[in-house]
$ cat data-v3.cif   # mmCIF, C-alpha atoms and all ligand atoms
data_entry
#
loop_
_atom_site.label_atom_id
_atom_site.label_comp_id
_atom_site.auth_asym_id
_atom_site.auth_seq_id
_atom_site.Cartn_x
_atom_site.Cartn_y
_atom_site.Cartn_z
CA MET A 1 32.38 -4.44 11.46
CA SER A 2 33.37 -4.31 7.80
CA GLU A 3 34.41 -0.94 6.40
CA THR A 4 31.12 -0.27 4.60
CA PRO A 5 28.46 -2.54 6.10
CA LEU A 6 25.39 -0.76 4.71
CA LEU A 7 24.04 -0.33 1.20
CA ILE A 8 21.23 2.18 0.81
CA CYS A 9 19.16 1.07 -2.17
CA GLY A 10 16.42 3.15 -3.76
CA ASP A 11 16.07 6.56 -5.35
CA ALA A 12 12.81 6.85 -3.40
CA PHE A 13 14.78 7.69 -0.22
CA ASN A 14 14.64 11.43 0.47
CA PRO A 15 17.80 13.31 1.52
CA GLU A 16 16.84 13.32 5.23
CA GLU A 17 16.32 9.54 5.24
CA ARG A 18 19.57 8.92 3.41
CA ASP A 19 21.49 11.25 5.74
CA ARG A 20 20.10 9.51 8.80
CA LEU A 21 21.18 6.10 7.54
CA SER A 22 24.58 7.22 6.28
CA SER A 23 25.39 9.04 9.49
CA ALA A 24 24.65 5.87 11.48
CA TRP A 25 27.04 3.62 9.50
CA PRO A 26 29.55 3.89 6.67
CA SER A 27 27.40 3.31 3.62
CA ALA A 28 27.17 3.23 -0.14
CA PHE A 29 24.18 4.16 -2.28
CA VAL A 30 22.59 2.64 -5.37
CA SER A 31 19.42 3.92 -7.03
CA GLY A 32 17.81 0.47 -7.40
CA PRO A 33 18.48 -3.28 -7.56
CA ALA A 34 19.33 -3.02 -11.27
CA GLY A 35 22.45 -0.99 -10.41
CA MET A 36 23.83 -3.43 -7.83
CA ALA A 37 25.88 -5.49 -10.28
CA ASP A 38 27.84 -2.36 -11.22
CA LEU A 39 29.10 -1.84 -7.66
CA ASP A 40 32.73 -2.63 -7.01
CA LEU A 41 33.31 -6.25 -5.89
CA GLY A 42 35.36 -5.11 -2.87
CA LEU A 43 32.46 -2.93 -1.69
CA ARG A 44 29.88 -5.65 -2.31
CA SER A 45 31.93 -8.17 -0.31
CA GLY A 46 31.67 -6.01 2.82
CA ILE A 47 27.94 -5.26 2.70
CA LYS A 48 26.02 -6.87 5.57
CA ALA A 49 22.77 -4.93 5.46
CA ILE A 50 20.70 -3.32 2.74
CA ALA A 51 18.24 -0.52 3.49
CA PHE A 52 15.66 -0.83 0.71
CA LYS A 53 12.95 1.58 -0.44
CA GLY A 54 10.90 1.33 -3.60
CA HIS A 55 8.91 -1.06 -5.73
CA LYS A 56 11.53 -2.33 -8.19
CA PRO A 57 12.02 -6.10 -7.98
CA PHE A 58 14.82 -7.30 -5.70
CA GLY A 59 15.49 -11.00 -6.36
CA GLY A 60 17.93 -13.80 -5.62
CA ASP A 61 20.35 -12.81 -8.39
CA GLU A 62 20.89 -9.42 -6.75
CA MET A 63 21.19 -11.00 -3.29
CA ASP A 64 23.96 -13.26 -4.61
CA LEU A 65 26.07 -10.19 -5.37
CA PHE A 66 26.59 -9.71 -1.61
CA PRO A 67 28.25 -12.75 -0.01
CA ARG A 68 27.98 -11.40 3.57
CA LEU A 69 24.47 -9.98 3.29
CA GLY A 70 22.42 -10.81 6.40
CA VAL A 71 19.44 -8.47 6.31
CA ILE A 72 17.28 -6.54 3.85
CA ALA A 73 15.42 -3.86 5.78
CA ASN A 74 12.44 -2.69 3.77
CA TYR A 75 11.00 0.80 4.17
CA GLY A 76 7.27 0.09 4.11
CA VAL A 77 5.00 -2.67 5.36
CA GLY A 78 4.47 -4.11 1.86
CA TYR A 79 7.56 -6.07 0.82
CA ASP A 80 6.19 -7.58 -2.40
CA ALA A 81 9.14 -6.15 -4.39
CA ILE A 82 11.52 -8.41 -2.42
CA ASP A 83 11.72 -12.13 -3.19
CA VAL A 84 11.38 -13.25 0.42
CA ALA A 85 11.62 -16.96 -0.45
CA ALA A 86 14.95 -16.30 -2.18
CA ALA A 87 16.14 -14.38 0.89
CA SER A 88 15.11 -17.19 3.24
CA THR A 89 16.93 -19.78 1.12
CA ARG A 90 20.08 -17.69 1.53
CA SER A 91 19.51 -17.18 5.30
CA ILE A 92 18.98 -13.47 4.72
CA GLY A 93 16.49 -11.82 7.06
CA VAL A 94 13.86 -9.45 5.67
CA THR A 95 12.22 -6.78 7.82
CA ASN A 96 9.41 -4.27 7.15
CA THR A 97 7.74 -1.37 8.95
CA PRO A 98 4.30 -2.56 10.11
CA ASP A 99 1.78 -0.78 12.38
CA VAL A 100 3.38 2.69 12.34
CA LEU A 101 1.66 3.48 9.02
CA SER A 102 -1.71 1.81 9.55
CA ASP A 103 -3.48 4.95 10.81
CA ASP A 104 -2.43 7.04 7.81
CA VAL A 105 -3.38 4.44 5.23
CA ALA A 106 -6.74 3.87 6.93
CA ASP A 107 -7.34 7.63 7.05
CA LEU A 108 -6.69 7.84 3.31
CA ALA A 109 -9.03 4.92 2.57
CA VAL A 110 -11.88 6.63 4.42
CA ALA A 111 -11.00 9.96 2.79
CA LEU A 112 -11.19 8.29 -0.64
CA MET A 113 -14.63 6.89 0.21
CA VAL A 114 -15.94 10.24 1.35
CA ALA A 115 -14.30 12.17 -1.50
CA GLN A 116 -15.72 9.79 -4.11
CA ALA A 117 -19.23 9.51 -2.69
CA ARG A 118 -19.57 13.19 -1.82
CA THR A 119 -18.07 14.29 -5.18
CA MET A 120 -15.53 16.46 -3.36
CA ILE A 121 -13.15 16.90 -6.30
CA ARG A 122 -16.01 18.19 -8.40
CA GLY A 123 -17.14 20.34 -5.47
CA HIS A 124 -13.73 21.94 -5.22
CA ALA A 125 -13.73 22.68 -8.96
CA HIS A 126 -17.27 24.09 -8.68
CA VAL A 127 -16.09 26.65 -6.12
CA ALA A 128 -12.60 27.34 -7.50
CA SER A 129 -13.86 27.89 -11.05
CA GLY A 130 -16.47 30.45 -10.02
CA ARG A 131 -19.31 28.24 -11.35
CA TRP A 132 -21.00 28.11 -7.94
CA ALA A 133 -21.95 31.78 -8.18
CA GLN A 134 -23.09 31.39 -11.81
CA GLU A 135 -24.77 27.98 -11.77
CA GLY A 136 -25.82 27.49 -8.14
CA GLU A 137 -25.85 24.12 -6.38
CA MET A 138 -24.15 20.99 -7.68
CA PRO A 139 -26.10 17.77 -8.26
CA LEU A 140 -26.71 15.89 -5.02
CA SER A 141 -24.13 13.31 -3.95
CA ARG A 142 -24.34 10.11 -1.94
CA LYS A 143 -24.38 9.30 1.78
CA VAL A 144 -21.44 7.44 3.34
CA SER A 145 -22.51 7.11 6.99
CA GLY A 146 -24.64 4.02 7.52
CA SER A 147 -23.60 2.41 4.24
CA THR A 148 -22.63 -1.23 3.81
CA VAL A 149 -18.89 -1.76 3.50
CA GLY A 150 -16.80 -4.82 2.65
CA ILE A 151 -13.15 -4.96 3.67
CA VAL A 152 -10.99 -7.33 1.61
CA GLY A 153 -8.21 -8.37 4.00
CA LEU A 154 -8.86 -7.67 7.69
CA GLY A 155 -5.19 -7.29 8.64
CA ARG A 156 -3.61 -4.37 10.49
CA ILE A 157 -4.73 -1.70 7.99
CA GLY A 158 -8.03 -3.39 7.15
CA ARG A 159 -9.00 -3.41 10.82
CA GLU A 160 -8.13 0.27 11.24
CA ILE A 161 -10.37 1.02 8.26
CA ALA A 162 -13.19 -1.08 9.71
CA ASP A 163 -12.87 0.60 13.12
CA ARG A 164 -13.14 4.03 11.51
CA LEU A 165 -16.14 3.00 9.40
CA ALA A 166 -17.87 1.47 12.41
CA ALA A 167 -17.75 4.99 13.89
CA PHE A 168 -19.45 6.13 10.65
CA LYS A 169 -22.29 3.72 11.62
CA CYS A 170 -21.48 1.53 8.58
CA GLU A 171 -22.46 -2.13 8.43
CA ILE A 172 -19.11 -3.95 8.22
CA HIS A 173 -18.52 -7.10 6.19
CA TYR A 174 -15.09 -8.58 5.47
CA ASN A 175 -13.29 -11.33 3.62
CA SER A 176 -10.14 -12.99 4.89
CA ARG A 177 -8.87 -16.55 4.87
CA SER A 178 -10.29 -17.28 8.30
CA GLU A 179 -12.98 -15.71 10.45
CA LYS A 180 -11.64 -13.13 12.95
CA GLU A 181 -12.78 -11.96 16.33
CA THR A 182 -14.83 -8.86 15.63
CA PRO A 183 -17.60 -6.84 17.29
CA GLY A 184 -20.18 -8.66 15.14
CA TRP A 185 -18.91 -7.93 11.64
CA THR A 186 -19.98 -10.36 8.92
CA TRP A 187 -17.34 -12.72 7.51
CA HIS A 188 -17.47 -13.93 3.90
CA GLY A 189 -15.37 -16.87 2.77
CA ASP A 190 -14.98 -15.50 -0.73
CA VAL A 191 -14.73 -12.09 -2.33
CA VAL A 192 -17.71 -12.52 -4.70
CA SER A 193 -20.02 -13.19 -1.77
CA LEU A 194 -18.56 -10.12 -0.01
CA ALA A 195 -19.01 -7.90 -3.09
CA THR A 196 -22.60 -9.07 -3.52
CA ALA A 197 -23.41 -7.98 0.05
CA VAL A 198 -21.93 -4.46 0.05
CA ASP A 199 -21.86 -1.07 -1.70
CA PHE A 200 -18.29 -0.05 -0.90
CA LEU A 201 -15.51 -2.63 -1.40
CA VAL A 202 -12.26 -1.58 0.31
CA ILE A 203 -9.14 -3.56 -0.58
CA ALA A 204 -6.50 -3.85 2.16
CA LEU A 205 -4.71 -7.07 1.16
CA VAL A 206 -0.98 -7.71 0.89
CA GLY A 207 0.40 -7.49 -2.64
CA GLY A 208 2.59 -10.02 -4.43
CA PRO A 209 1.97 -13.12 -6.56
CA ALA A 210 -0.33 -14.87 -4.06
CA THR A 211 -2.95 -12.11 -4.22
CA LYS A 212 -2.59 -11.10 -7.87
CA GLY A 213 -6.05 -10.46 -9.33
CA TYR A 214 -7.68 -11.48 -6.03
CA VAL A 215 -10.60 -9.11 -6.69
CA THR A 216 -11.79 -10.69 -9.91
CA ARG A 217 -13.96 -9.44 -12.76
CA GLU A 218 -16.79 -11.51 -11.26
CA ALA A 219 -16.40 -9.77 -7.90
CA ILE A 220 -16.40 -6.33 -9.54
CA GLN A 221 -19.58 -7.24 -11.46
CA ALA A 222 -21.14 -8.52 -8.23
CA LEU A 223 -20.76 -5.07 -6.64
CA GLY A 224 -23.38 -3.72 -9.05
CA PRO A 225 -24.24 -0.21 -10.23
CA ARG A 226 -24.10 1.37 -6.75
CA GLY A 227 -20.76 -0.27 -6.05
CA VAL A 228 -17.60 1.71 -5.31
CA VAL A 229 -14.10 0.17 -5.19
CA ILE A 230 -11.51 1.68 -2.83
CA ASN A 231 -7.99 0.32 -3.21
CA ILE A 232 -5.13 1.32 -0.91
CA SER A 233 -3.30 -2.05 -1.11
CA ARG A 234 -1.47 -2.68 -4.39
CA GLY A 235 -2.62 -2.33 -8.00
CA SER A 236 -1.99 -6.03 -8.46
CA THR A 237 -4.72 -7.15 -6.02
CA ILE A 238 -7.55 -6.32 -8.44
CA ASP A 239 -8.16 -7.21 -12.09
CA GLU A 240 -7.39 -3.68 -13.30
CA GLY A 241 -8.70 -4.22 -16.83
CA ALA A 242 -12.02 -5.42 -15.42
CA LEU A 243 -12.13 -2.45 -13.04
CA LEU A 244 -11.61 -0.02 -15.92
CA ASP A 245 -14.28 -1.76 -18.01
CA ALA A 246 -16.76 -1.53 -15.12
CA LEU A 247 -15.96 2.14 -14.45
CA GLU A 248 -16.32 3.05 -18.13
CA SER A 249 -19.57 1.16 -18.67
CA GLY A 250 -21.24 2.19 -15.41
CA ALA A 251 -21.39 -1.42 -14.24
CA ILE A 252 -20.14 0.06 -10.94
CA ALA A 253 -20.57 3.62 -9.64
CA GLY A 254 -16.97 4.61 -9.08
CA ALA A 255 -13.62 4.11 -7.41
CA GLY A 256 -11.16 5.77 -5.06
CA LEU A 257 -7.63 4.58 -5.77
CA ASP A 258 -4.19 5.13 -4.28
CA VAL A 259 -2.48 2.22 -6.08
CA TYR A 260 -2.30 0.95 -9.66
CA GLU A 261 -0.48 -1.44 -11.91
CA ASN A 262 2.51 0.24 -13.58
CA GLU A 263 2.93 3.14 -11.18
CA PRO A 264 3.54 5.96 -11.82
CA ASN A 265 2.74 5.46 -15.52
CA ILE A 266 -0.82 4.36 -14.90
CA ASP A 267 -3.25 3.21 -17.55
CA PRO A 268 -4.43 6.39 -19.38
CA ARG A 269 -8.00 5.04 -19.33
CA PHE A 270 -8.13 6.14 -15.67
CA LEU A 271 -7.50 9.76 -16.65
CA LYS A 272 -10.68 10.00 -18.72
CA LEU A 273 -13.02 8.89 -15.94
CA ALA A 274 -15.29 11.30 -14.05
CA ASN A 275 -16.33 8.78 -11.39
CA VAL A 276 -12.92 8.25 -9.74
CA VAL A 277 -10.74 9.93 -7.14
CA LEU A 278 -7.09 9.18 -7.88
CA GLN A 279 -4.18 9.54 -5.46
CA PRO A 280 -0.45 9.05 -6.20
CA HIS A 281 0.29 6.13 -3.82
CA GLN A 282 0.54 8.41 -0.81
CA GLY A 283 -1.19 6.27 1.84
CA SER A 284 1.64 6.50 4.36
CA GLY A 285 2.90 9.83 3.07
CA THR A 286 2.77 12.11 6.09
CA VAL A 287 5.85 13.68 7.65
CA GLU A 288 5.14 11.99 10.98
CA THR A 289 4.59 8.48 9.61
CA ARG A 290 7.45 8.53 7.12
CA ARG A 291 9.76 9.50 9.99
CA ALA A 292 8.44 6.63 12.12
CA MET A 293 8.96 4.22 9.21
CA ALA A 294 12.54 5.44 8.75
CA GLU A 295 13.20 4.98 12.47
CA LEU A 296 11.85 1.43 12.43
CA GLN A 297 13.95 0.55 9.39
CA LEU A 298 17.01 1.96 11.15
CA ALA A 299 16.18 0.04 14.34
CA ASN A 300 16.08 -3.22 12.36
CA ILE A 301 19.48 -2.54 10.78
CA SER A 302 20.95 -1.57 14.18
CA ALA A 303 19.61 -4.74 15.74
CA PHE A 304 21.13 -6.87 13.01
CA LEU A 305 24.55 -5.17 13.02
CA GLU A 306 24.66 -5.43 16.84
CA GLY A 307 23.77 -9.13 16.76
CA LYS A 308 20.36 -8.59 18.41
CA PRO A 309 16.99 -10.03 17.31
CA LEU A 310 15.34 -8.17 14.44
CA VAL A 311 12.58 -5.81 15.61
CA THR A 312 9.99 -6.56 12.88
CA PRO A 313 11.09 -9.66 10.96
CA VAL A 314 9.14 -10.91 7.94
CA ASN A 315 10.79 -14.31 7.44
P1 LIG B 1 -1.34 -7.41 7.13
O1 LIG B 1 -1.65 -7.03 8.52
O2 LIG B 1 -0.33 -8.47 6.89
O3 LIG B 1 -2.72 -7.77 6.42
C1 LIG B 1 -2.73 -8.30 5.17
C2 LIG B 1 -4.04 -8.93 4.80
O4 LIG B 1 -3.81 -9.63 3.58
C3 LIG B 1 -4.58 -9.91 5.81
O5 LIG B 1 -5.93 -9.67 5.96
C4 LIG B 1 -4.34 -11.25 5.15
O6 LIG B 1 -5.41 -12.15 5.31
C5 LIG B 1 -4.33 -10.94 3.69
N1 LIG B 1 -3.54 -11.91 2.93
C6 LIG B 1 -2.22 -12.14 3.02
N2 LIG B 1 -1.86 -13.12 2.16
C7 LIG B 1 -2.99 -13.52 1.52
C8 LIG B 1 -3.28 -14.49 0.53
N3 LIG B 1 -2.32 -15.26 0.02
N4 LIG B 1 -4.56 -14.62 0.13
C9 LIG B 1 -5.53 -13.85 0.67
N5 LIG B 1 -5.31 -12.92 1.60
C10 LIG B 1 -4.06 -12.75 2.03
O7 LIG B 1 -0.80 -6.15 6.30
P2 LIG B 1 -1.12 -4.61 6.53
O8 LIG B 1 -0.11 -4.02 7.44
O9 LIG B 1 -2.57 -4.46 6.86
O10 LIG B 1 -0.81 -4.07 5.06
C11 LIG B 1 -1.59 -4.49 3.97
C12 LIG B 1 -1.04 -3.99 2.67
O11 LIG B 1 -1.34 -2.60 2.49
C13 LIG B 1 0.49 -4.01 2.53
O12 LIG B 1 0.98 -5.29 2.25
C14 LIG B 1 0.72 -3.04 1.39
O13 LIG B 1 0.67 -3.71 0.15
C15 LIG B 1 -0.46 -2.09 1.51
N6 LIG B 1 -0.02 -0.75 1.91
C16 LIG B 1 -0.30 0.31 1.09
C17 LIG B 1 0.12 1.58 1.44
C18 LIG B 1 -0.18 2.78 0.60
O14 LIG B 1 0.58 3.74 0.63
N7 LIG B 1 -1.27 2.78 -0.15
C19 LIG B 1 0.84 1.78 2.63
C20 LIG B 1 1.10 0.68 3.43
C21 LIG B 1 0.65 -0.58 3.07
P3 LIG B 1 -5.58 -13.17 6.53
O15 LIG B 1 -6.17 -12.34 7.61
O16 LIG B 1 -6.46 -14.19 5.98
O17 LIG B 1 -4.18 -13.63 6.89
#

$ encode --input "data-v3.cif" --output "structure tokens"
Amino acid sequence: MSETPLLICGDAFNPEERDRLSSAWPSAFVSGPAGMADLDLGLRSGIKAIAFKGHKPFGGDEMDLFPRLGVIANYGVGYDAIDVAAASTRSIGVTNTPDVLSDDVADLAVALMVAQARTMIRGHAHVASGRWAQEGEMPLSRKVSGSTVGIVGLGRIGREIADRLAAFKCEIHYNSRSEKETPGWTWHGDVVSLATAVDFLVIALVGGPATKGYVTREAIQALGPRGVVINISRGSTIDEGALLDALESGAIAGAGLDVYENEPNIDPRFLKLANVVLQPHQGSGTVETRRAMAELQLANISAFLEGKPLVTPVN
């Protein structure tokens, strides 16, 4: 093993995660891909594995700085920050952390639906401000159980969301590239057809260039004035300008969002809206799940450095 085989990349790693990695192998740290070129050539020449966390782009130019690099182990299931094609061309393996976070992200999606429809943020303010005692009841809200829901992307997380909403007696529709085996859920070949059929549109797609703007202006319009968009995937999967237009004009009823373009400096138009529930990209952000993600990332690096098959390979 080279003297320092591991580079920990990302200021998003918390101290516990960094300690766990650096106590497993001799390691160096860099806050993001942009800082890699400043690392000493001798250090770079020994790096075999990179533990990556964050959303800053990691491309072929950065990979070329590490002649012995064999694996990029991503912390998170979504690896859209990493140029996987560039890694494959260079025979570099990419791994992610699937499944262990699906429950948490699905929980948050359902929570966003309920919080938006049942006006829970407003309800909290009504109590906390003392207005309840002065003004009495709030305006009535909207029922979630039994509603019609469309899932965009019935992958691991999408299916967990659908399973939860089936228990809410919702009518489940979905859009994915091919029809799946389901307990009778309705498949739509395109997202406009899906949006036309449902009231809640829940986006659970992968991010990256292939799905950029997948939920189009036309699809948002097709949802109609009772429509609510829930997005726990990536900000890039929806036409964000069109979403903002529809939220401002009342063309749709509202949104529950965990992800945005330009995080964390999101479009200020979102901050003026009363019909949204906004979360700071915290879908997988529980103590339990973040620990499981860190363990899976570490298991992938261990496997690679010990010459064993990667646990959760992407490419
Ligand atoms: P997954 O199992 O791979 O499912 C991804 C879905 O995306 C599948 O339904 C797949 O459709 C669809 N898809 C992939 N490429 C596509 C393309 N080119 N065009 C159309 N559809 C495409 O992934 P997952 O584990 O459910 O995770 C989904 C995403 O959730 C992640 O990639 C990440 O961006 C996001 N996420 C967010 C958080 C958060 O904190 N908010 C946390 C974790 C993950 P097919 O079924 O047709 O293949």

$ closest_residue --input "data-v3.cif" --among "A:Ala109, A:His281, A:Gly207, A:Leu305" --to "Asn265 in chain A" --atoms "all atoms listed in the file"
A:His281

$ residues_near_ligand --input "data-v3.cif" --ligand "ligand LIG 1 (chain B)" --cutoff "6 Å" --atoms "all atoms listed in the file" --output "PyMOL selection string"
chain A and resi 77-78+98+105+153-158+176-178+204-207+210-211+232-234+258+281-284

$ closest_residue --input "data-v3.cif" --among "A:Val144, A:Val215, A:Ala251, A:Val202" --to "Cys170 in chain A" --atoms "only C-alpha atoms"
A:Val144

$ atom_distance --input "data-v3.cif" --atom1 "CA of Gly250 in chain A" --atom2 "CA of Glu135 in chain A"
26.3 Å

$ atom_distance --input "data-v3.cif" --atom1 "CA of Ala242 in chain A" --atom2 "CA of Arg217 in chain A"
5.2 Å

$ decode --input "data-v3.cif" --residues "range 189-202 of chain A" --atoms "N, CA, C and O atoms" --output "PDB file, in the first residue's frame"
ATOM      1  N   GLY A 189     -46.396   6.593 -19.833  1.00  0.00           N
ATOM      2  CA  GLY A 189     -45.171   6.618 -20.630  1.00  0.00           C
ATOM      3  C   GLY A 189     -44.520   7.988 -20.686  1.00  0.00           C
ATOM      4  O   GLY A 189     -43.356   8.103 -21.041  1.00  0.00           O
ATOM      5  N   ASP A 190     -45.276   9.026 -20.339  1.00  0.00           N
ATOM      6  CA  ASP A 190     -44.646  10.351 -20.323  1.00  0.00           C
ATOM      7  C   ASP A 190     -45.174  11.168 -19.151  1.00  0.00           C
ATOM      8  O   ASP A 190     -46.247  10.892 -18.603  1.00  0.00           O
ATOM      9  N   VAL A 191     -44.391  12.183 -18.797  1.00  0.00           N
ATOM     10  CA  VAL A 191     -44.649  12.902 -17.548  1.00  0.00           C
ATOM     11  C   VAL A 191     -45.856  13.836 -17.671  1.00  0.00           C
ATOM     12  O   VAL A 191     -46.528  14.114 -16.679  1.00  0.00           O
ATOM     13  N   VAL A 192     -46.183  14.291 -18.889  1.00  0.00           N
ATOM     14  CA  VAL A 192     -47.358  15.164 -19.048  1.00  0.00           C
ATOM     15  C   VAL A 192     -48.630  14.351 -18.804  1.00  0.00           C
ATOM     16  O   VAL A 192     -49.553  14.799 -18.104  1.00  0.00           O
ATOM     17  N   SER A 193     -48.656  13.146 -19.346  1.00  0.00           N
ATOM     18  CA  SER A 193     -49.807  12.270 -19.118  1.00  0.00           C
ATOM     19  C   SER A 193     -49.955  11.974 -17.623  1.00  0.00           C
ATOM     20  O   SER A 193     -51.061  12.003 -17.064  1.00  0.00           O
ATOM     21  N   LEU A 194     -48.819  11.728 -16.954  1.00  0.00           N
ATOM     22  CA  LEU A 194     -48.855  11.470 -15.502  1.00  0.00           C
ATOM     23  C   LEU A 194     -49.410  12.686 -14.764  1.00  0.00           C
ATOM     24  O   LEU A 194     -50.313  12.563 -13.932  1.00  0.00           O
ATOM     25  N   ALA A 195     -48.884  13.870 -15.086  1.00  0.00           N
ATOM     26  CA  ALA A 195     -49.291  15.092 -14.375  1.00  0.00           C
ATOM     27  C   ALA A 195     -50.774  15.377 -14.589  1.00  0.00           C
ATOM     28  O   ALA A 195     -51.456  15.870 -13.686  1.00  0.00           O
ATOM     29  N   THR A 196     -51.264  15.078 -15.775  1.00  0.00           N
ATOM     30  CA  THR A 196     -52.682  15.314 -16.077  1.00  0.00           C
ATOM     31  C   THR A 196     -53.583  14.452 -15.188  1.00  0.00           C
ATOM     32  O   THR A 196     -54.682  14.856 -14.825  1.00  0.00           O
ATOM     33  N   ALA A 197     -53.067  13.257 -14.800  1.00  0.00           N
ATOM     34  CA  ALA A 197     -53.905  12.287 -14.092  1.00  0.00           C
ATOM     35  C   ALA A 197     -53.913  12.467 -12.572  1.00  0.00           C
ATOM     36  O   ALA A 197     -54.715  11.832 -11.898  1.00  0.00           O
ATOM     37  N   VAL A 198     -53.001  13.296 -12.027  1.00  0.00           N
ATOM     38  CA  VAL A 198     -52.831  13.293 -10.572  1.00  0.00           C
ATOM     39  C   VAL A 198     -52.942  14.696  -9.963  1.00  0.00           C
ATOM     40  O   VAL A 198     -52.854  15.698 -10.673  1.00  0.00           O
ATOM     41  N   ASP A 199     -53.036  14.727  -8.615  1.00  0.00           N
ATOM     42  CA  ASP A 199     -52.999  15.992  -7.882  1.00  0.00           C
ATOM     43  C   ASP A 199     -51.621  16.263  -7.283  1.00  0.00           C
ATOM     44  O   ASP A 199     -51.179  17.396  -7.226  1.00  0.00           O
ATOM     45  N   PHE A 200     -50.986  15.210  -6.775  1.00  0.00           N
ATOM     46  CA  PHE A 200     -49.640  15.373  -6.206  1.00  0.00           C
ATOM     47  C   PHE A 200     -48.636  14.727  -7.167  1.00  0.00           C
ATOM     48  O   PHE A 200     -48.803  13.562  -7.533  1.00  0.00           O
ATOM     49  N   LEU A 201     -47.602  15.472  -7.546  1.00  0.00           N
ATOM     50  CA  LEU A 201     -46.560  14.944  -8.423  1.00  0.00           C
ATOM     51  C   LEU A 201     -45.268  14.885  -7.609  1.00  0.00           C
ATOM     52  O   LEU A 201     -44.744  15.933  -7.201  1.00  0.00           O
ATOM     53  N   VAL A 202     -44.775  13.671  -7.369  1.00  0.00           N
ATOM     54  CA  VAL A 202     -43.605  13.489  -6.494  1.00  0.00           C
ATOM     55  C   VAL A 202     -42.417  13.060  -7.349  1.00  0.00           C
ATOM     56  O   VAL A 202     -42.457  12.013  -7.996  1.00  0.00           O
TER      57      VAL A 202
END
